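What follows is a set of notes on a single structure, which appears directly below.
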Protein chains: 2
Amino acid sequence: MFLSTPFSDVIDRVEGTLASPDNVYERHLSAMAEMYEDAEAVAAAGDPVIYKVYEKKIPELAGELQWCMSVTLPGKIGREYYMTKGHFHEVRDTAEIYLCVRGTGYMLMETEDGQSKALEMNPDVAVYVPARWAHRSVNTGGEPLISFCVYPGDAGHDYGTIETEGFRKRIVEIDGRPAIIDNRPSS
Amino acid sequence: MFLSTPFSDVIDRVEGTLASPDNVYERHLSAMAEMYEDAEAVAAAGDPVIYKVYEKKIPELAGELQWCMSVTLPGKIGREYYMTKGHFHEVRDTAEIYLCVRGTGYMLMETEDGQSKALEMNPDVAVYVPARWAHRSVNTGGEPLISFCVYPGDAGHDYGTIETEGFRKRIVEIDGRPAIIDNRPSS
């Protein structure tokens with residue numbers, strides 16, 4: 001069943017919340033510990049919240065639009081910046097748009113056939129993640145990295161190789177600045 | 001062909017522009033003169049720009065996402081506020097999301113079977129226009145009403161009955177305030 005009644009909600013560009021979310025989840029380090037390169041730094045970090053998502057409940061149908069607020073907190077695990085787990089869409093031929101409303105960082109993206117791309121995120125930057133590109137937000141700044149995100153209703157999430165092998169690139173701090181380094185080979 | 005390369009662009013929340021639009025159009029009063037109730041006021045108004053749209057060129061495929069900036073200028077034709085033409089989607093089972101970034105007004109919506117709904121728009125309000133609802137932005141304030149809009153790649157536009165019979169409701173100024181009045185019967 002498609003949604004039948006228009007509605008609105010209010011985003012908070014400072015906190016990254018929705019006034020009336022249907023679902024909120026917080027991703028702790030323990031749920032993605034093996035994604036960071038530095039196991040000792042993971043062990044020493046305790047179990048901080050790395051990112052939060054505020055979602056609306058939308059039917060999972062093509063033609064509907066999922067939307068959420070994504071909040072990646074500032075911080076590092078060793079030299080590696082806080083980041084989201086990242087995912088492909090289960091329905092591969094579905095895009096996603098992120099409108100950054102606060103903070104500084106990167107949208108790190110890659111394809112299954114080995115292409116990689118990182119685009120800078122700052123307030124008022126809209127990033128188009130094409131179909132078939134896995135995507136991860138990385139916060140390289142000192143405040144929360146917050147985006148308003150929209151994607152097709154049926155897209156779904158597939159962590160796939162991201163969960164077992166990670167992204168091909170990592171974003172780490174070197175000499176006080178963000179650097180994009182290899183994790184595993186790109187094409 | 002689906003888009004194959006990620007990209008970004010920058011929105012201007014004050015002007016409503018995109019830094020690198022692929023297409024810009026301005027809708028003048030003459031292109032929608034018959035939509036206003038007051039023919040004498042139309043004739044006296046000259047031919048002002050009523051609204052502008054800044055678009056990205058995205059393949060018209062399900063799974064892709066069209067996005068644009070919509071700028072409805074402030075003003076009235078007689079007592080009726082400046083508004084967009086409004087449309088259904090050609091593919092009826094497709095939704096749309098408007099994130100208001102500046103201004104004050106309404107998203108006026110209706111279905112072919114006669115339901116009507118108006119939701120207030122203010123900065124940081126996100127409006128979900130469900131599938132099968134025609135939608136029109138109405139600027140009831142003194143500055144541009146600007147939204148960041150996202151809709152499915154294949155949605156298309158269909159002016160349908162809107163062009164010949166108008167919306168069922170009009171939004172006009174009465175005693176210095178916006179009022180929603182009947183134009184033709186609702187269910």
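To be explicit about the labels: the chains of the structure tokens are called A, B, and onward in the order shown, and within each one the residues are counted from 1, while ligands get numbers from 1 in the order they are shown.
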
Check: which chain B residues lie within 7 Å of chain A using only C-alpha atoms, as a list in words: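 Putting it all together, I get Leu3, Ser4, Thr5, Pro6, Phe7, Ser8, Asp9, Val10, Ile11, Gly63, Glu64, Leu65, Asp93, Thr94, Ala95, Asp124, Val125, Ala126, Val127, Tyr128, Val129, Pro130 and Pro152 of chain B.
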
For segment 33-40 of chain B: contacts at 10 Å, only C-alpha atoms, fewer than 3 positions along chain excluded, given as a PDB file with N, CA and C atoms, in the first residue's frame:
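As a result, out-v5.pdb now contains:
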ATOM      1  N   HIS B  28       6.755  32.688 -16.445  1.00  0.00           N
ATOM      2  CA  HIS B  28       6.129  34.010 -16.386  1.00  0.00           C
ATOM      3  C   HIS B  28       4.614  33.865 -16.210  1.00  0.00           C
ATOM      4  N   LEU B  29       3.998  34.939 -15.761  1.00  0.00           N
ATOM      5  CA  LEU B  29       2.547  34.952 -15.572  1.00  0.00           C
ATOM      6  C   LEU B  29       1.811  34.554 -16.852  1.00  0.00           C
ATOM      7  N   SER B  30       2.337  34.999 -18.005  1.00  0.00           N
ATOM      8  CA  SER B  30       1.642  34.732 -19.275  1.00  0.00           C
ATOM      9  C   SER B  30       1.507  33.240 -19.553  1.00  0.00           C
ATOM     10  N   ALA B  43      -4.369  41.016 -16.250  1.00  0.00           N
ATOM     11  CA  ALA B  43      -4.129  41.955 -17.344  1.00  0.00           C
ATOM     12  C   ALA B  43      -3.314  43.163 -16.880  1.00  0.00           C
ATOM     13  N   ALA B  44      -3.527  43.570 -15.640  1.00  0.00           N
ATOM     14  CA  ALA B  44      -2.846  44.759 -15.114  1.00  0.00           C
ATOM     15  C   ALA B  44      -1.438  44.456 -14.608  1.00  0.00           C
ATOM     16  N   ALA B  45      -1.102  43.157 -14.502  1.00  0.00           N
ATOM     17  CA  ALA B  45       0.137  42.792 -13.802  1.00  0.00           C
ATOM     18  C   ALA B  45       1.371  42.841 -14.683  1.00  0.00           C
ATOM     19  N   ASP B  47       3.905  41.055 -17.110  1.00  0.00           N
ATOM     20  CA  ASP B  47       4.236  39.633 -17.251  1.00  0.00           C
ATOM     21  C   ASP B  47       5.393  39.258 -16.329  1.00  0.00           C
ATOM     22  N   LYS B  76       1.402  38.917  -5.374  1.00  0.00           N
ATOM     23  CA  LYS B  76       0.008  38.513  -5.544  1.00  0.00           C
ATOM     24  C   LYS B  76      -0.503  38.989  -6.897  1.00  0.00           C
ATOM     25  N   ILE B  77      -1.434  38.263  -7.443  1.00  0.00           N
ATOM     26  CA  ILE B  77      -2.201  38.673  -8.623  1.00  0.00           C
ATOM     27  C   ILE B  77      -3.608  38.933  -8.094  1.00  0.00           C
ATOM     28  N   GLY B  78      -3.935  40.213  -7.935  1.00  0.00           N
ATOM     29  CA  GLY B  78      -5.160  40.521  -7.192  1.00  0.00           C
ATOM     30  C   GLY B  78      -4.939  40.098  -5.748  1.00  0.00           C
ATOM     31  N   ARG B  79      -5.833  39.251  -5.248  1.00  0.00           N
ATOM     32  CA  ARG B  79      -5.678  38.795  -3.860  1.00  0.00           C
ATOM     33  C   ARG B  79      -5.014  37.425  -3.774  1.00  0.00           C
ATOM     34  N   GLU B  80      -4.681  36.863  -4.952  1.00  0.00           N
ATOM     35  CA  GLU B  80      -4.190  35.479  -4.989  1.00  0.00           C
ATOM     36  C   GLU B  80      -2.662  35.446  -5.023  1.00  0.00           C
ATOM     37  N   TYR B  81      -2.111  34.646  -4.148  1.00  0.00           N
ATOM     38  CA  TYR B  81      -0.649  34.608  -4.023  1.00  0.00           C
ATOM     39  C   TYR B  81       0.017  33.944  -5.227  1.00  0.00           C
ATOM     40  N   TYR B  82       1.239  34.378  -5.506  1.00  0.00           N
ATOM     41  CA  TYR B  82       2.069  33.718  -6.516  1.00  0.00           C
ATOM     42  C   TYR B  82       2.167  32.226  -6.179  1.00  0.00           C
ATOM     43  N   MET B  83       2.147  31.415  -7.221  1.00  0.00           N
ATOM     44  CA  MET B  83       2.138  29.953  -7.029  1.00  0.00           C
ATOM     45  C   MET B  83       2.747  29.277  -8.255  1.00  0.00           C
ATOM     46  N   THR B  84       3.152  28.050  -8.110  1.00  0.00           N
ATOM     47  CA  THR B  84       3.598  27.276  -9.272  1.00  0.00           C
ATOM     48  C   THR B  84       2.380  26.732 -10.009  1.00  0.00           C
ATOM     49  N   LYS B  85       2.597  26.288 -11.267  1.00  0.00           N
ATOM     50  CA  LYS B  85       1.476  25.712 -12.013  1.00  0.00           C
ATOM     51  C   LYS B  85       0.895  24.529 -11.255  1.00  0.00           C
ATOM     52  N   ILE B 162      -5.299  20.108 -13.840  1.00  0.00           N
ATOM     53  CA  ILE B 162      -4.827  21.352 -13.220  1.00  0.00           C
ATOM     54  C   ILE B 162      -4.840  22.485 -14.242  1.00  0.00           C
ATOM     55  N   GLU B 163      -4.436  22.151 -15.466  1.00  0.00           N
ATOM     56  CA  GLU B 163      -4.302  23.190 -16.479  1.00  0.00           C
ATOM     57  C   GLU B 163      -5.678  23.665 -16.973  1.00  0.00           C
ATOM     58  N   THR B 164      -6.640  22.766 -17.003  1.00  0.00           N
ATOM     59  CA  THR B 164      -7.947  23.136 -17.558  1.00  0.00           C
ATOM     60  C   THR B 164      -8.936  23.598 -16.485  1.00  0.00           C
ATOM     61  N   GLU B 165      -8.856  22.978 -15.310  1.00  0.00           N
ATOM     62  CA  GLU B 165      -9.858  23.295 -14.285  1.00  0.00           C
ATOM     63  C   GLU B 165      -9.272  23.920 -13.020  1.00  0.00           C
ATOM     64  N   GLY B 166      -7.924  23.895 -12.919  1.00  0.00           N
ATOM     65  CA  GLY B 166      -7.292  24.445 -11.721  1.00  0.00           C
ATOM     66  C   GLY B 166      -7.379  23.498 -10.545  1.00  0.00           C
ATOM     67  N   PHE B 167      -6.742  23.890  -9.452  1.00  0.00           N
ATOM     68  CA  PHE B 167      -6.864  23.135  -8.204  1.00  0.00           C
ATOM     69  C   PHE B 167      -8.259  23.380  -7.608  1.00  0.00           C
ATOM     70  N   ARG B 170      -7.996  27.539  -3.710  1.00  0.00           N
ATOM     71  CA  ARG B 170      -7.115  28.674  -3.978  1.00  0.00           C
ATOM     72  C   ARG B 170      -6.623  29.209  -2.646  1.00  0.00           C
ATOM     73  N   VAL B 172      -5.627  32.740  -1.031  1.00  0.00           N
ATOM     74  CA  VAL B 172      -5.760  34.184  -1.291  1.00  0.00           C
ATOM     75  C   VAL B 172      -5.597  34.969   0.013  1.00  0.00           C
ATOM     76  N   ASN B 183     -12.361  26.614  -4.999  1.00  0.00           N
ATOM     77  CA  ASN B 183     -12.391  26.991  -6.417  1.00  0.00           C
ATOM     78  C   ASN B 183     -13.401  26.113  -7.141  1.00  0.00           C
TER      79      ASN B 183
END

After a least-squares superposition on chain A over all sequentially paired C-alpha atoms, what is chain B as a PDB file with C-alpha atoms, in the first residue's frame?
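And here is the file that came out, superposed.pdb:
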ATOM      1  CA  MET B   1       0.039   0.006   0.003  1.00  0.00           C
ATOM      2  CA  PHE B   2       1.320   3.412  -0.995  1.00  0.00           C
ATOM      3  CA  LEU B   3       1.139   6.279   1.440  1.00  0.00           C
ATOM      4  CA  SER B   4      -2.178   8.004   0.997  1.00  0.00           C
ATOM      5  CA  THR B   5      -1.927  11.143   3.131  1.00  0.00           C
ATOM      6  CA  PRO B   6       0.534  14.008   2.789  1.00  0.00           C
ATOM      7  CA  PHE B   7       2.569  14.847   5.863  1.00  0.00           C
ATOM      8  CA  SER B   8       5.456  17.020   6.929  1.00  0.00           C
ATOM      9  CA  ASP B   9       8.174  16.940   9.523  1.00  0.00           C
ATOM     10  CA  VAL B  10      10.835  19.393  10.660  1.00  0.00           C
ATOM     11  CA  ILE B  11      14.561  18.839  10.483  1.00  0.00           C
ATOM     12  CA  ASP B  12      16.961  20.287  13.038  1.00  0.00           C
ATOM     13  CA  ARG B  13      20.068  21.331  11.149  1.00  0.00           C
ATOM     14  CA  VAL B  14      22.078  21.802  14.360  1.00  0.00           C
ATOM     15  CA  GLU B  15      21.246  18.528  16.144  1.00  0.00           C
ATOM     16  CA  GLY B  16      20.427  16.457  13.052  1.00  0.00           C
ATOM     17  CA  THR B  17      17.150  15.243  14.515  1.00  0.00           C
ATOM     18  CA  LEU B  18      13.663  15.037  13.059  1.00  0.00           C
ATOM     19  CA  ALA B  19      10.860  16.499  15.175  1.00  0.00           C
ATOM     20  CA  SER B  20       8.828  13.258  14.816  1.00  0.00           C
ATOM     21  CA  PRO B  21      11.027  10.358  13.744  1.00  0.00           C
ATOM     22  CA  ASP B  22       9.413   6.940  13.349  1.00  0.00           C
ATOM     23  CA  ASN B  23      12.682   5.196  14.080  1.00  0.00           C
ATOM     24  CA  VAL B  24      15.986   6.242  15.610  1.00  0.00           C
ATOM     25  CA  TYR B  25      19.081   4.136  15.795  1.00  0.00           C
ATOM     26  CA  GLU B  26      22.505   4.724  17.215  1.00  0.00           C
ATOM     27  CA  ARG B  27      25.444   2.769  15.891  1.00  0.00           C
ATOM     28  CA  HIS B  28      28.085   2.093  18.519  1.00  0.00           C
ATOM     29  CA  LEU B  29      31.712   1.267  17.782  1.00  0.00           C
ATOM     30  CA  SER B  30      31.133  -2.328  18.932  1.00  0.00           C
ATOM     31  CA  ALA B  31      28.781  -2.864  15.970  1.00  0.00           C
ATOM     32  CA  MET B  32      31.518  -1.968  13.482  1.00  0.00           C
ATOM     33  CA  ALA B  33      34.742  -2.543  15.398  1.00  0.00           C
ATOM     34  CA  GLU B  34      36.363  -4.677  12.713  1.00  0.00           C
ATOM     35  CA  MET B  35      35.918  -1.922  10.138  1.00  0.00           C
ATOM     36  CA  TYR B  36      38.625   0.225  11.700  1.00  0.00           C
ATOM     37  CA  GLU B  37      42.251  -0.455  10.877  1.00  0.00           C
ATOM     38  CA  ASP B  38      43.624  -0.051  14.404  1.00  0.00           C
ATOM     39  CA  ALA B  39      42.438  -2.865  16.699  1.00  0.00           C
ATOM     40  CA  GLU B  40      44.327  -1.484  19.695  1.00  0.00           C
ATOM     41  CA  ALA B  41      42.681   1.912  19.293  1.00  0.00           C
ATOM     42  CA  VAL B  42      39.306   0.174  19.023  1.00  0.00           C
ATOM     43  CA  ALA B  43      39.953  -1.712  22.249  1.00  0.00           C
ATOM     44  CA  ALA B  44      41.005   1.481  24.033  1.00  0.00           C
ATOM     45  CA  ALA B  45      38.057   3.538  22.781  1.00  0.00           C
ATOM     46  CA  GLY B  46      35.310   2.046  24.932  1.00  0.00           C
ATOM     47  CA  ASP B  47      32.074   1.856  22.989  1.00  0.00           C
ATOM     48  CA  PRO B  48      31.157   5.361  21.825  1.00  0.00           C
ATOM     49  CA  VAL B  49      28.247   6.188  19.547  1.00  0.00           C
ATOM     50  CA  ILE B  50      29.714   6.704  16.073  1.00  0.00           C
ATOM     51  CA  TYR B  51      26.585   7.734  14.166  1.00  0.00           C
ATOM     52  CA  LYS B  52      22.844   8.153  14.492  1.00  0.00           C
ATOM     53  CA  VAL B  53      20.006   7.963  12.007  1.00  0.00           C
ATOM     54  CA  TYR B  54      16.518   9.474  12.326  1.00  0.00           C
ATOM     55  CA  GLU B  55      14.110   7.817   9.926  1.00  0.00           C
ATOM     56  CA  LYS B  56      10.550   8.145   8.718  1.00  0.00           C
ATOM     57  CA  LYS B  57       8.580   4.941   8.179  1.00  0.00           C
ATOM     58  CA  ILE B  58       7.842   4.811   4.447  1.00  0.00           C
ATOM     59  CA  PRO B  59       6.513   1.781   2.525  1.00  0.00           C
ATOM     60  CA  GLU B  60       9.340  -0.138   0.859  1.00  0.00           C
ATOM     61  CA  LEU B  61       8.022   0.337  -2.660  1.00  0.00           C
ATOM     62  CA  ALA B  62       9.522   1.768  -5.825  1.00  0.00           C
ATOM     63  CA  GLY B  63       7.990   5.196  -6.347  1.00  0.00           C
ATOM     64  CA  GLU B  64       7.952   5.977  -2.624  1.00  0.00           C
ATOM     65  CA  LEU B  65      10.917   7.872  -1.139  1.00  0.00           C
ATOM     66  CA  GLN B  66      12.744   6.940   2.039  1.00  0.00           C
ATOM     67  CA  TRP B  67      14.201   9.879   3.899  1.00  0.00           C
ATOM     68  CA  CYS B  68      16.231  10.317   7.019  1.00  0.00           C
ATOM     69  CA  MET B  69      18.709  12.481   8.858  1.00  0.00           C
ATOM     70  CA  SER B  70      22.194  11.024   9.139  1.00  0.00           C
ATOM     71  CA  VAL B  71      24.447  12.262  11.952  1.00  0.00           C
ATOM     72  CA  THR B  72      28.071  11.109  12.037  1.00  0.00           C
ATOM     73  CA  LEU B  73      29.714  12.297  15.228  1.00  0.00           C
ATOM     74  CA  PRO B  74      33.183  13.915  15.311  1.00  0.00           C
ATOM     75  CA  GLY B  75      36.073  11.789  16.489  1.00  0.00           C
ATOM     76  CA  LYS B  76      38.771   9.316  15.527  1.00  0.00           C
ATOM     77  CA  ILE B  77      39.636   5.704  16.295  1.00  0.00           C
ATOM     78  CA  GLY B  78      43.400   5.924  16.249  1.00  0.00           C
ATOM     79  CA  ARG B  79      44.065   8.029  13.171  1.00  0.00           C
ATOM     80  CA  GLU B  80      40.878   6.978  11.376  1.00  0.00           C
ATOM     81  CA  TYR B  81      37.899   9.291  11.376  1.00  0.00           C
ATOM     82  CA  TYR B  82      34.451   8.306  12.612  1.00  0.00           C
ATOM     83  CA  MET B  83      32.395   6.967   9.708  1.00  0.00           C
ATOM     84  CA  THR B  84      29.178   5.131   8.930  1.00  0.00           C
ATOM     85  CA  LYS B  85      29.244   1.412   8.135  1.00  0.00           C
ATOM     86  CA  GLY B  86      28.418   2.195   4.526  1.00  0.00           C
ATOM     87  CA  HIS B  87      26.335   0.017   2.236  1.00  0.00           C
ATOM     88  CA  PHE B  88      25.183  -0.839  -1.236  1.00  0.00           C
ATOM     89  CA  HIS B  89      21.488  -0.746  -1.984  1.00  0.00           C
ATOM     90  CA  GLU B  90      19.888  -4.178  -2.105  1.00  0.00           C
ATOM     91  CA  VAL B  91      18.171  -3.070  -5.307  1.00  0.00           C
ATOM     92  CA  ARG B  92      21.383  -2.101  -7.039  1.00  0.00           C
ATOM     93  CA  ASP B  93      19.864   0.257  -9.627  1.00  0.00           C
ATOM     94  CA  THR B  94      18.836   2.857  -7.069  1.00  0.00           C
ATOM     95  CA  ALA B  95      20.561   6.160  -6.351  1.00  0.00           C
ATOM     96  CA  GLU B  96      20.664   8.306  -3.220  1.00  0.00           C
ATOM     97  CA  ILE B  97      20.945  12.040  -2.562  1.00  0.00           C
ATOM     98  CA  TYR B  98      22.622  13.504   0.519  1.00  0.00           C
ATOM     99  CA  LEU B  99      22.153  17.183   1.263  1.00  0.00           C
ATOM    100  CA  CYS B 100      24.737  18.166   3.865  1.00  0.00           C
ATOM    101  CA  VAL B 101      23.337  20.639   6.383  1.00  0.00           C
ATOM    102  CA  ARG B 102      26.185  20.781   8.931  1.00  0.00           C
ATOM    103  CA  GLY B 103      29.786  19.725   9.353  1.00  0.00           C
ATOM    104  CA  THR B 104      32.731  18.731   7.214  1.00  0.00           C
ATOM    105  CA  GLY B 105      33.751  15.435   5.727  1.00  0.00           C
ATOM    106  CA  TYR B 106      33.573  13.130   2.758  1.00  0.00           C
ATOM    107  CA  MET B 107      31.152  10.844   1.009  1.00  0.00           C
ATOM    108  CA  LEU B 108      33.370   7.844   0.283  1.00  0.00           C
ATOM    109  CA  MET B 109      32.021   5.680  -2.545  1.00  0.00           C
ATOM    110  CA  GLU B 110      33.022   2.604  -4.517  1.00  0.00           C
ATOM    111  CA  THR B 111      31.648   0.112  -7.009  1.00  0.00           C
ATOM    112  CA  GLU B 112      31.828  -3.654  -6.905  1.00  0.00           C
ATOM    113  CA  ASP B 113      34.109  -3.575  -9.959  1.00  0.00           C
ATOM    114  CA  GLY B 114      36.678  -1.480  -8.138  1.00  0.00           C
ATOM    115  CA  GLN B 115      36.098   2.217  -8.809  1.00  0.00           C
ATOM    116  CA  SER B 116      36.533   4.607  -5.870  1.00  0.00           C
ATOM    117  CA  LYS B 117      35.488   8.194  -5.371  1.00  0.00           C
ATOM    118  CA  ALA B 118      35.433  10.609  -2.424  1.00  0.00           C
ATOM    119  CA  LEU B 119      33.467  13.862  -2.595  1.00  0.00           C
ATOM    120  CA  GLU B 120      33.759  16.629  -0.018  1.00  0.00           C
ATOM    121  CA  MET B 121      30.772  17.407   2.154  1.00  0.00           C
ATOM    122  CA  ASN B 122      30.071  20.797   3.617  1.00  0.00           C
ATOM    123  CA  PRO B 123      26.834  22.602   4.428  1.00  0.00           C
ATOM    124  CA  ASP B 124      24.639  23.065   1.321  1.00  0.00           C
ATOM    125  CA  VAL B 125      26.586  20.507  -0.729  1.00  0.00           C
ATOM    126  CA  ALA B 126      24.301  17.914  -2.320  1.00  0.00           C
ATOM    127  CA  VAL B 127      25.979  14.646  -3.285  1.00  0.00           C
ATOM    128  CA  TYR B 128      24.463  12.313  -5.880  1.00  0.00           C
ATOM    129  CA  VAL B 129      25.378   8.701  -5.139  1.00  0.00           C
ATOM    130  CA  PRO B 130      24.604   6.870  -8.391  1.00  0.00           C
ATOM    131  CA  ALA B 131      23.094   3.406  -8.553  1.00  0.00           C
ATOM    132  CA  ARG B 132      25.571   0.600  -7.775  1.00  0.00           C
ATOM    133  CA  TRP B 133      27.889   2.753  -5.663  1.00  0.00           C
ATOM    134  CA  ALA B 134      28.418   1.787  -2.027  1.00  0.00           C
ATOM    135  CA  HIS B 135      28.598   4.890   0.133  1.00  0.00           C
ATOM    136  CA  ARG B 136      29.899   5.858   3.546  1.00  0.00           C
ATOM    137  CA  SER B 137      29.947   9.235   5.340  1.00  0.00           C
ATOM    138  CA  VAL B 138      33.249  10.166   6.987  1.00  0.00           C
ATOM    139  CA  ASN B 139      33.434  13.048   9.461  1.00  0.00           C
ATOM    140  CA  THR B 140      36.793  14.814   9.242  1.00  0.00           C
ATOM    141  CA  GLY B 141      35.740  17.913  11.174  1.00  0.00           C
ATOM    142  CA  GLY B 142      35.158  18.947  14.762  1.00  0.00           C
ATOM    143  CA  GLU B 143      31.352  19.021  14.765  1.00  0.00           C
ATOM    144  CA  PRO B 144      28.654  16.513  13.749  1.00  0.00           C
ATOM    145  CA  LEU B 145      28.429  15.768  10.019  1.00  0.00           C
ATOM    146  CA  ILE B 146      24.701  15.974   9.270  1.00  0.00           C
ATOM    147  CA  SER B 147      22.857  15.193   6.051  1.00  0.00           C
ATOM    148  CA  PHE B 148      19.246  15.045   4.861  1.00  0.00           C
ATOM    149  CA  CYS B 149      19.073  11.846   2.773  1.00  0.00           C
ATOM    150  CA  VAL B 150      16.552  10.651   0.175  1.00  0.00           C
ATOM    151  CA  TYR B 151      16.496   7.304  -1.658  1.00  0.00           C
ATOM    152  CA  PRO B 152      13.970   5.148  -3.500  1.00  0.00           C
ATOM    153  CA  GLY B 153      11.418   3.387  -1.316  1.00  0.00           C
ATOM    154  CA  ASP B 154      12.467  -0.112  -2.342  1.00  0.00           C
ATOM    155  CA  ALA B 155      16.265   0.423  -2.272  1.00  0.00           C
ATOM    156  CA  GLY B 156      17.069  -1.537   0.880  1.00  0.00           C
ATOM    157  CA  HIS B 157      20.540  -1.985   2.375  1.00  0.00           C
ATOM    158  CA  ASP B 158      23.203  -4.527   1.563  1.00  0.00           C
ATOM    159  CA  TYR B 159      26.462  -4.367   3.497  1.00  0.00           C
ATOM    160  CA  GLY B 160      27.966  -7.046   1.258  1.00  0.00           C
ATOM    161  CA  THR B 161      31.713  -6.940   0.878  1.00  0.00           C
ATOM    162  CA  ILE B 162      31.839  -3.757   2.963  1.00  0.00           C
ATOM    163  CA  GLU B 163      31.246  -5.769   6.106  1.00  0.00           C
ATOM    164  CA  THR B 164      33.822  -8.459   5.347  1.00  0.00           C
ATOM    165  CA  GLU B 165      36.515  -6.610   3.419  1.00  0.00           C
ATOM    166  CA  GLY B 166      35.830  -2.928   4.090  1.00  0.00           C
ATOM    167  CA  PHE B 167      35.991  -0.103   1.587  1.00  0.00           C
ATOM    168  CA  ARG B 168      38.940   0.048  -0.767  1.00  0.00           C
ATOM    169  CA  LYS B 169      39.958   3.395   0.755  1.00  0.00           C
ATOM    170  CA  ARG B 170      40.267   4.698   4.283  1.00  0.00           C
ATOM    171  CA  ILE B 171      40.216   8.308   5.401  1.00  0.00           C
ATOM    172  CA  VAL B 172      42.725   8.985   8.155  1.00  0.00           C
ATOM    173  CA  GLU B 173      44.476  11.933   9.723  1.00  0.00           C
ATOM    174  CA  ILE B 174      48.092  12.375   8.618  1.00  0.00           C
ATOM    175  CA  ASP B 175      50.052  15.464   9.675  1.00  0.00           C
ATOM    176  CA  GLY B 176      46.862  16.974  11.071  1.00  0.00           C
ATOM    177  CA  ARG B 177      44.904  16.686   7.830  1.00  0.00           C
ATOM    178  CA  PRO B 178      42.567  14.173   6.195  1.00  0.00           C
ATOM    179  CA  ALA B 179      44.295  11.791   3.797  1.00  0.00           C
ATOM    180  CA  ILE B 180      42.697   9.138   1.590  1.00  0.00           C
ATOM    181  CA  ILE B 181      44.778   5.979   1.684  1.00  0.00           C
ATOM    182  CA  ASP B 182      44.488   2.478   0.247  1.00  0.00           C
ATOM    183  CA  ASN B 183      42.930  -0.333   2.229  1.00  0.00           C
ATOM    184  CA  ARG B 184      42.630  -2.890  -0.578  1.00  0.00           C
ATOM    185  CA  PRO B 185      43.275  -2.518  -4.298  1.00  0.00           C
ATOM    186  CA  SER B 186      41.084  -0.336  -6.544  1.00  0.00           C
ATOM    187  CA  SER B 187      40.777  -0.799 -10.288  1.00  0.00           C
TER     188      SER B 187
END

Helix (DSSP H, G or I) positions in segment 12-185 of chain A, given as an MDAnalysis selection string: chainID A and resid 29:31 33:35 39:44 160:165
